[in-house]
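Trainee: My structure is stored as input-v1.tsv, with TSV, C-alpha atoms.
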```tsv
chain	number	residue	atom	x	y	z
A	15	MET	CA	69.93	104.94	75.66
A	16	VAL	CA	72.38	103.01	77.78
A	17	GLY	CA	76.03	104.06	77.63
A	18	ILE	CA	79.00	101.72	77.83
A	19	LEU	CA	82.25	102.52	79.60
A	20	VAL	CA	85.27	100.31	78.94
A	21	VAL	CA	87.78	100.37	81.82
A	22	SER	CA	91.23	98.95	81.17
A	23	HIS	CA	94.71	99.05	82.68
A	24	SER	CA	95.89	100.64	79.45
A	25	ALA	CA	94.58	103.85	77.86
A	26	ASP	CA	95.50	102.42	74.45
A	27	ALA	CA	93.64	99.18	75.12
A	28	ALA	CA	90.59	101.06	76.43
A	29	LYS	CA	90.45	103.18	73.29
A	30	GLY	CA	91.10	100.21	71.01
A	31	ILE	CA	88.45	98.05	72.66
A	32	ARG	CA	86.05	100.97	72.54
A	33	ASP	CA	86.72	101.41	68.81
A	34	ILE	CA	86.34	97.71	68.02
A	35	ALA	CA	83.11	97.44	70.03
A	36	ALA	CA	81.66	100.57	68.44
A	37	GLY	CA	82.72	99.48	64.94
A	38	MET	CA	81.74	95.83	65.10
A	39	SER	CA	78.40	96.55	66.73
A	40	GLY	CA	77.41	98.37	63.55
A	41	ALA	CA	75.80	101.00	65.71
A	42	GLY	CA	78.18	103.77	64.75
A	43	ASP	CA	77.24	107.03	66.38
A	44	ASP	CA	73.98	105.56	67.69
A	45	VAL	CA	75.75	104.17	70.71
A	46	LEU	CA	77.38	106.08	73.54
A	47	ILE	CA	80.58	104.19	74.26
A	48	GLU	CA	83.76	105.45	75.86
A	49	GLY	CA	86.96	103.97	77.21
A	50	VAL	CA	89.28	104.99	80.04
A	51	GLY	CA	92.51	103.45	81.22
A	52	GLY	CA	96.02	103.97	82.49
A	53	ASN	CA	97.18	105.64	85.66
A	54	ASP	CA	97.53	109.38	86.11
A	55	GLU	CA	101.13	109.28	84.90
A	56	GLY	CA	100.30	107.52	81.66
A	57	GLY	CA	101.49	104.08	82.78
A	58	LEU	CA	99.55	100.85	83.15
A	59	GLY	CA	96.95	101.08	85.87
A	60	VAL	CA	93.50	102.34	86.68
A	61	SER	CA	92.44	105.65	88.18
A	62	VAL	CA	89.20	105.93	90.15
A	63	GLY	CA	89.19	109.63	89.27
A	64	LYS	CA	89.19	108.89	85.52
A	65	ILE	CA	86.26	106.52	85.94
A	66	LEU	CA	84.34	109.13	87.92
A	67	ASP	CA	85.09	111.80	85.31
A	68	ALA	CA	83.88	109.54	82.51
A	69	LEU	CA	80.69	108.67	84.40
A	70	ALA	CA	80.06	112.35	85.14
A	71	GLY	CA	80.19	113.03	81.40
A	72	MET	CA	78.06	110.06	80.37
A	73	LEU	CA	75.31	109.84	83.01
A	74	PRO	CA	73.55	113.11	82.06
A	75	LYS	CA	73.34	111.86	78.45
A	76	ALA	CA	72.33	108.27	79.18
A	77	ASP	CA	69.58	106.32	80.94
A	78	GLY	CA	72.31	104.27	82.55
A	79	VAL	CA	75.89	103.16	82.07
A	80	LEU	CA	77.31	99.65	81.85
A	81	ILE	CA	80.95	99.53	82.97
A	82	VAL	CA	82.93	96.78	81.25
A	83	PRO	CA	86.23	96.36	83.15
A	84	ASP	CA	89.21	94.25	82.11
A	85	LEU	CA	90.42	92.65	85.35
A	86	GLY	CA	91.78	93.09	88.88
A	87	SER	CA	92.05	96.70	89.86
A	88	SER	CA	89.76	97.77	86.98
A	89	ILE	CA	87.01	95.94	88.82
A	90	LEU	CA	87.98	97.23	92.29
A	91	SER	CA	88.35	100.78	90.97
A	92	SER	CA	84.96	100.60	89.26
A	93	ARG	CA	83.31	99.35	92.46
A	94	THR	CA	85.02	102.15	94.39
A	95	ALA	CA	83.78	104.75	91.89
A	96	LEU	CA	80.22	103.52	92.45
A	97	GLU	CA	80.70	103.91	96.20
A	98	LEU	CA	81.69	107.54	95.65
A	99	LEU	CA	78.77	108.42	93.37
A	100	PRO	CA	75.55	109.85	94.80
A	101	PRO	CA	73.20	106.86	95.34
A	102	GLU	CA	70.76	108.03	92.65
A	103	ASP	CA	73.60	108.00	90.10
A	104	ALA	CA	75.10	104.74	91.35
A	105	ALA	CA	71.69	103.12	90.87
A	106	ARG	CA	72.04	103.84	87.14
A	107	VAL	CA	75.38	102.05	86.76
A	108	ILE	CA	76.12	98.31	86.57
A	109	ILE	CA	79.53	96.62	86.39
A	110	ALA	CA	79.42	93.89	83.75
A	111	ASP	CA	80.50	90.38	84.65
A	112	ALA	CA	81.86	89.85	81.18
A	113	PRO	CA	85.03	89.54	79.08
A	114	VAL	CA	86.05	93.08	78.25
A	115	LEU	CA	86.11	93.08	74.43
A	116	GLU	CA	83.32	90.63	73.71
A	117	GLY	CA	81.21	92.07	76.52
A	118	ALA	CA	81.64	95.64	75.31
A	119	MET	CA	80.81	94.65	71.73
A	120	MET	CA	77.65	92.70	72.60
A	121	ALA	CA	76.57	95.42	75.03
A	122	ALA	CA	76.99	98.01	72.27
A	123	VAL	CA	74.76	96.03	69.93
A	124	GLU	CA	72.11	95.62	72.61
A	125	ALA	CA	72.29	99.24	73.76
A	126	SER	CA	71.96	100.55	70.19
A	127	GLY	CA	68.62	98.71	69.99
A	128	GLY	CA	67.32	100.75	72.90
A	129	SER	CA	67.34	98.02	75.60
A	130	ASP	CA	67.38	99.00	79.26
A	131	LEU	CA	70.45	98.78	81.49
A	132	ALA	CA	69.57	95.44	83.11
A	133	THR	CA	69.06	93.82	79.72
A	134	VAL	CA	72.31	95.23	78.32
A	135	ALA	CA	74.14	93.84	81.39
A	136	VAL	CA	72.64	90.36	80.92
A	137	VAL	CA	73.60	90.33	77.23
A	138	ALA	CA	77.17	91.43	78.05
A	139	ARG	CA	77.41	88.54	80.49
A	140	GLU	CA	76.36	86.13	77.74
A	141	ALA	CA	79.59	87.07	75.97
A	142	ARG	CA	81.28	84.72	78.44
A	143	ASP	CA	79.87	81.82	76.43
A	144	LEU	CA	81.22	82.83	73.01
A	145	GLN	CA	83.25	79.85	71.84
A	146	LYS	CA	86.56	80.28	70.10
A	147	GLY	CA	88.27	76.92	70.23
A	148	ASP	CA	87.14	73.29	70.29
A	149	HIS	CA	88.89	72.18	73.47
B	13	MET	CA	95.57	109.17	126.64
B	14	ALA	CA	94.21	109.18	123.18
B	15	PHE	CA	95.01	109.08	119.51
B	16	THR	CA	95.13	112.60	118.07
B	17	LEU	CA	94.89	114.25	114.67
B	18	GLY	CA	98.54	115.25	115.02
B	19	MET	CA	99.49	111.61	115.51
B	20	ALA	CA	97.47	110.63	112.44
B	21	ILE	CA	99.27	113.21	110.30
B	22	ALA	CA	102.63	112.06	111.69
B	23	ALA	CA	101.66	108.44	110.98
B	24	MET	CA	101.09	109.30	107.31
B	25	ASP	CA	104.56	110.91	107.15
B	26	LYS	CA	106.10	107.83	108.73
B	27	PHE	CA	104.20	105.50	106.43
B	28	ASN	CA	105.48	107.44	103.42
B	29	ALA	CA	109.07	107.16	104.70
B	30	LEU	CA	108.79	103.47	105.54
B	31	ILE	CA	107.29	102.63	102.16
B	32	GLU	CA	110.05	104.64	100.45
B	33	GLU	CA	112.66	102.72	102.43
B	34	ASN	CA	111.10	99.34	101.63
B	35	LYS	CA	109.72	99.89	98.14
B	36	GLU	CA	112.15	97.46	96.56
B	37	TYR	CA	111.40	94.81	99.16
B	38	LEU	CA	107.66	95.23	98.54
B	39	THR	CA	108.23	95.02	94.81
B	40	ASP	CA	110.31	91.85	95.28
B	41	LEU	CA	107.51	90.28	97.33
B	42	ASP	CA	105.02	91.30	94.67
B	43	SER	CA	107.12	90.06	91.78
B	44	ALA	CA	106.97	86.55	93.29
B	45	ILE	CA	103.16	86.35	93.24
B	46	GLY	CA	101.74	89.59	91.84
B	47	ASP	CA	102.52	92.07	89.11
B	48	ALA	CA	105.54	93.60	90.83
B	49	ASP	CA	103.98	97.00	91.26
B	50	HIS	CA	103.09	97.18	94.96
B	51	GLY	CA	106.23	98.98	96.11
B	52	ILE	CA	106.17	101.48	93.25
B	53	ASN	CA	102.44	102.09	93.57
B	54	MET	CA	102.44	102.55	97.34
B	55	ASN	CA	105.49	104.79	97.04
B	56	ARG	CA	103.76	106.99	94.48
B	57	GLY	CA	100.51	107.00	96.46
B	58	MET	CA	102.03	107.87	99.84
B	59	LYS	CA	104.28	110.56	98.35
B	60	ARG	CA	101.26	112.29	96.87
B	61	ILE	CA	99.27	111.89	100.10
B	62	VAL	CA	102.02	113.56	102.10
B	63	GLU	CA	102.36	116.36	99.53
B	64	LYS	CA	98.64	116.94	99.96
B	65	THR	CA	98.56	116.74	103.77
B	66	HIS	CA	101.52	119.12	104.04
B	67	SER	CA	99.82	121.67	101.80
B	68	LYS	CA	96.94	122.38	104.17
B	69	GLU	CA	95.73	122.50	107.75
B	70	TYR	CA	93.27	119.91	109.01
B	71	ALA	CA	90.60	120.41	111.65
B	72	ASP	CA	89.55	116.78	111.99
B	73	PHE	CA	90.30	113.14	111.16
B	74	GLY	CA	87.51	113.09	108.58
B	75	GLY	CA	89.18	115.71	106.39
B	76	LEU	CA	92.62	114.15	106.67
B	77	PHE	CA	91.59	110.60	105.81
B	78	ARG	CA	89.24	111.73	103.05
B	79	ASP	CA	92.14	113.52	101.33
B	80	ALA	CA	94.35	110.48	101.85
B	81	ALA	CA	91.66	108.25	100.34
B	82	MET	CA	90.92	110.38	97.28
B	83	THR	CA	94.63	110.87	96.58
B	84	ILE	CA	95.65	107.23	96.79
B	85	MET	CA	92.64	106.11	94.73
B	86	SER	CA	93.55	108.44	91.92
B	87	VAL	CA	97.32	108.04	91.72
B	88	VAL	CA	97.81	104.34	92.43
B	89	GLY	CA	97.07	102.30	89.35
B	90	GLY	CA	96.91	98.91	91.04
B	91	SER	CA	94.43	97.38	93.45
B	92	ALA	CA	96.20	99.00	96.40
B	93	GLY	CA	94.61	102.32	95.34
B	94	PRO	CA	90.97	101.40	95.77
B	95	LEU	CA	91.73	99.08	98.72
B	96	TYR	CA	93.79	101.51	100.83
B	97	GLY	CA	91.55	104.33	99.57
B	98	THR	CA	88.45	102.57	100.87
B	99	PHE	CA	90.23	101.81	104.15
B	100	PHE	CA	91.10	105.49	104.71
B	101	MET	CA	87.70	106.69	103.46
B	102	LYS	CA	85.67	104.51	105.83
B	103	LEU	CA	88.07	105.23	108.69
B	104	GLY	CA	87.64	108.96	108.11
B	105	GLN	CA	83.87	108.72	107.79
B	106	LYS	CA	83.63	106.93	111.13
B	107	LEU	CA	85.93	109.40	112.90
B	108	GLY	CA	84.19	112.39	111.32
B	109	CYS	CA	84.82	115.75	112.92
B	110	ALA	CA	86.77	114.37	115.92
B	111	ASN	CA	90.39	115.42	116.29
B	112	GLU	CA	91.17	113.19	119.25
B	113	ILE	CA	89.80	109.78	120.15
B	114	GLN	CA	90.33	107.03	122.69
B	115	VAL	CA	92.38	104.17	121.27
B	116	GLU	CA	89.55	101.72	121.88
B	117	ASN	CA	87.26	103.85	119.71
B	118	PHE	CA	89.98	104.33	117.12
B	119	ALA	CA	90.05	100.53	116.89
B	120	ASP	CA	86.31	100.58	116.07
B	121	ALA	CA	86.93	103.11	113.30
B	122	LEU	CA	89.77	100.99	111.90
B	123	ARG	CA	87.29	98.09	111.91
B	124	GLU	CA	84.93	100.16	109.73
B	125	GLY	CA	87.81	100.73	107.34
B	126	LEU	CA	88.61	97.04	107.21
B	127	SER	CA	84.96	96.12	106.63
B	128	GLY	CA	85.01	98.43	103.62
B	129	VAL	CA	88.13	96.71	102.28
B	130	MET	CA	86.63	93.25	102.77
B	131	SER	CA	83.39	94.22	101.10
B	132	LEU	CA	85.17	95.82	98.14
B	133	GLY	CA	87.61	92.95	97.62
B	134	LYS	CA	85.09	90.26	98.66
B	135	SER	CA	87.91	88.99	100.87
B	136	ALA	CA	88.02	87.21	104.21
B	137	VAL	CA	90.67	86.33	106.78
B	138	GLY	CA	92.88	83.59	105.34
B	139	ASP	CA	92.73	84.73	101.70
B	140	LYS	CA	96.37	85.93	101.81
B	141	THR	CA	95.69	89.65	101.65
B	142	MET	CA	96.13	92.84	103.69
B	143	VAL	CA	93.14	91.66	105.74
B	144	ASP	CA	95.36	89.01	107.36
B	145	ALA	CA	97.57	91.68	108.95
B	146	ILE	CA	94.89	94.27	109.75
B	147	ASP	CA	92.21	92.06	111.29
B	148	PRO	CA	94.38	90.63	114.13
B	149	ALA	CA	95.97	94.06	114.68
B	150	ILE	CA	92.59	95.70	115.28
B	151	LYS	CA	91.53	92.87	117.59
B	152	ALA	CA	94.72	93.24	119.63
B	153	LEU	CA	94.42	97.04	119.74
B	154	LYS	CA	90.87	96.82	121.06
B	155	GLU	CA	91.57	94.04	123.56
B	156	ASN	CA	94.61	95.77	125.01
B	157	ALA	CA	93.24	99.32	125.05
B	158	SER	CA	92.66	99.18	128.81
B	159	GLU	CA	96.39	98.43	129.36
B	160	GLY	CA	97.38	101.88	128.10
B	161	ASP	CA	98.09	103.23	124.63
B	162	ALA	CA	101.68	102.01	124.37
B	163	ALA	CA	100.77	98.46	125.36
B	164	ALA	CA	97.77	98.47	123.03
B	165	TRP	CA	99.77	99.67	120.02
B	166	ASN	CA	102.61	97.25	120.75
B	167	ALA	CA	100.12	94.39	120.88
B	168	ALA	CA	98.55	95.59	117.61
B	169	VAL	CA	101.92	95.73	115.84
B	170	ALA	CA	102.90	92.29	117.15
B	171	ALA	CA	99.58	90.88	115.92
B	172	ALA	CA	99.97	92.55	112.51
B	173	GLU	CA	103.47	91.10	112.17
B	174	HIS	CA	102.20	87.67	113.13
B	175	GLY	CA	99.33	87.99	110.67
B	176	MET	CA	101.70	89.12	107.91
B	177	LYS	CA	103.98	86.10	108.48
B	178	ASP	CA	100.95	83.82	108.61
B	179	THR	CA	100.29	84.69	104.94
B	180	VAL	CA	103.43	82.78	103.88
B	181	PRO	CA	101.89	79.26	103.88
B	182	MET	CA	98.49	80.46	102.63
B	183	ILE	CA	97.08	79.88	99.15
B	184	ALA	CA	96.10	83.22	97.62
B	185	ARG	CA	92.38	83.51	96.95
B	186	ARG	CA	92.20	87.11	95.76
B	187	GLY	CA	93.98	89.25	93.20
B	188	ARG	CA	96.64	88.39	90.67
B	189	ALA	CA	98.29	85.96	93.14
B	190	SER	CA	95.15	83.80	93.13
B	191	TYR	CA	95.83	82.87	89.48
B	192	LEU	CA	98.89	81.00	90.78
B	193	GLY	CA	96.87	78.73	93.07
B	194	GLU	CA	99.19	76.49	95.08
B	195	ARG	CA	102.25	78.18	93.60
B	196	SER	CA	101.43	81.17	95.79
B	197	ILE	CA	102.33	79.09	98.87
B	198	GLY	CA	105.64	80.02	100.49
B	199	HIS	CA	105.50	83.72	99.65
B	200	GLN	CA	104.60	86.55	102.02
B	201	ASP	CA	101.77	88.73	100.82
B	202	PRO	CA	102.93	92.24	99.84
B	203	GLY	CA	99.62	93.86	100.86
B	204	ALA	CA	99.79	92.29	104.33
B	205	THR	CA	103.36	93.58	104.55
B	206	SER	CA	102.50	97.19	103.74
B	207	SER	CA	99.56	96.99	106.15
B	208	TYR	CA	101.91	95.79	108.90
B	209	TYR	CA	104.08	98.87	108.15
B	210	LEU	CA	101.03	101.11	108.55
B	211	PHE	CA	100.40	99.79	112.05
B	212	THR	CA	104.03	100.29	113.06
B	213	CYS	CA	103.61	103.91	111.93
B	214	PHE	CA	100.45	104.40	114.00
B	215	ARG	CA	102.33	102.98	116.99
B	216	ASP	CA	105.43	105.11	116.49
B	217	ALA	CA	103.40	108.27	115.96
B	218	SER	CA	101.43	107.52	119.12
B	219	ALA	CA	104.61	106.93	121.13
B	220	GLU	CA	106.34	110.14	120.01
B	221	ASN	CA	103.53	112.58	120.63
```
Would you give me this structure, written as structure tokens?
Mentor:
Amino acid sequence: MVGILVVSHSADAAKGIRDIAAGMSGAGDDVLIEGVGGNDEGGLGVSVGKILDALAGMLPKADGVLIVPDLGSSILSSRTALELLPPEDAARVIIADAPVLEGAMMAAVEASGGSDLATVAVVAREARDLQKGDH
Amino acid sequence: MAFTLGMAIAAMDKFNALIEENKEYLTDLDSAIGDADHGINMNRGMKRIVEKTHSKEYADFGGLFRDAAMTIMSVVGGSAGPLYGTFFMKLGQKLGCANEIQVENFADALREGLSGVMSLGKSAVGDKTMVDAIDPAIKALKENASEGDAAAWNAAVAAAEHGMKDTVPMIARRGRASYLGERSIGHQDPGATSSYYLFTCFRDASAEN
């Protein structure tokens, strides 16, 4: 099973996005999905340490982890966390090139079906093409 | 003459003080093109680094810069955390268990740090980032190393200042400022500014010790 880690500037947003993705995927407890966000003082921001802690908890339970970051320093912090992981662990993590909510939701659906990490990452990326408006 | 571990520790103290003194200026620069958090974030990050470095004894550059890196990555919420963290981490890895190094070789280690920053941020010279201050500073430090430490550091600081000012007419290509496109023209990059401060602190620490 592939796990999904939502990384946001806000702890509230990370939890909310995690809950929406888990709920809307219909996978319930069949999917390992977590969310981290906020700086160490509870404000808006991203902590590399929180990402590393989350990965340390998830990697032993999962075949791999797809990180779905919101933007800016969520992406840089996620890349930095991968640099700090042992190479054999880093090889089991991919950072999704996807919108955070839609990407997390589609990744959750795919992961709950038992797909491998590369496939879950490709499906998350397809969330970029979800149309909302006509213009 | 050489750059020593004691100078590096002193440079961190000076950087903390200079950031504290200029945090509002950095925030003003960042409010024009970023999310107005650079001064606050760097202030929080450097404060915590100095708390850490004052709480223990270091035997080598590697230990010092690793602590600096891990601290700033964890306490700074914005992009400055991973970027400065990577800079210090790669710098420390290159210097390893040395506690004194010729300035020319210190320039090579700074180059490793900058390469890490550029690879992480996928940034290049001219993108209106900290790279625009650090890259010319390292070049000047290396080229002037044979003229003596003081001359080399003065040249590095002058080049960093020049590079920082050169960011004013640039269009931002990385970070939050890049969303502004041409509207980012006319503003000095806050990251280049804090990086210029860092080089002044290396110079001053080198001169005093």
Trainee: Which distance in Å separates atom CA of A:Glu116 and atom CA of A:Leu19, to one decimal?
Mentor: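 Pair atom CA of A:Glu116 / atom CA of A:Leu19 returns 13.3 Å.
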Trainee: So that I can see what lies close to A:Val62, please list as a PyMOL selection string the residues with an atom at most 8 Å from it, counting all atoms listed in the file and leaving out residues fewer than 5 positions away in the same chain.
Mentor: (chain A and resi 91-92+94-95) or (chain B and resi 85-86+94)
Trainee: Residues of chain B within 12 Å of chain A, counting all atoms listed in the file, what are they? List them as a PyMOL selection string.
Mentor: chain B and resi 46-47+49-50+52-53+56-57+60+78+81-99+101-102+128-135+186-191
Trainee: Using only C-alpha atoms, pick whichever of B:Gln105, B:Asn221, B:Asn156, B:Asn166 has the shortest atom-to-atom distance to B:Asp79.
Mentor: B:Gln105
Trainee: Rounded to one decimal place, report the atom CA of A:Ala70-atom CA of B:Ala80 distance in Å.
Mentor: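 Value for the atom CA of A:Ala70-atom CA of B:Ala80 distance: 22.1 Å.
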Trainee: Please provide the set of residues having any atom within 12 Å of A:Pro100, restricted to all atoms listed in the file, with same-chain residues fewer than 5 positions apart removed, written as number ranges by chain.
Mentor: A: 66, 69-70, 73, 95, 105-107
Trainee: As an exercise, work out the distance from atom CA of A:Lys75 to atom CA of A:Ala132 in Å and give it to one decimal place.
Mentor: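 About the pair atom CA of A:Lys75 and atom CA of A:Ala132: they are 17.5 Å apart.
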Trainee: Just want the 7 Å neighbourhood of B:Glu116, counted on only C-alpha atoms, with same-chain residues fewer than 2 positions away dropped. Output as an MDAnalysis selection string.
Mentor: chainID B and resid 114 118:120 154 157
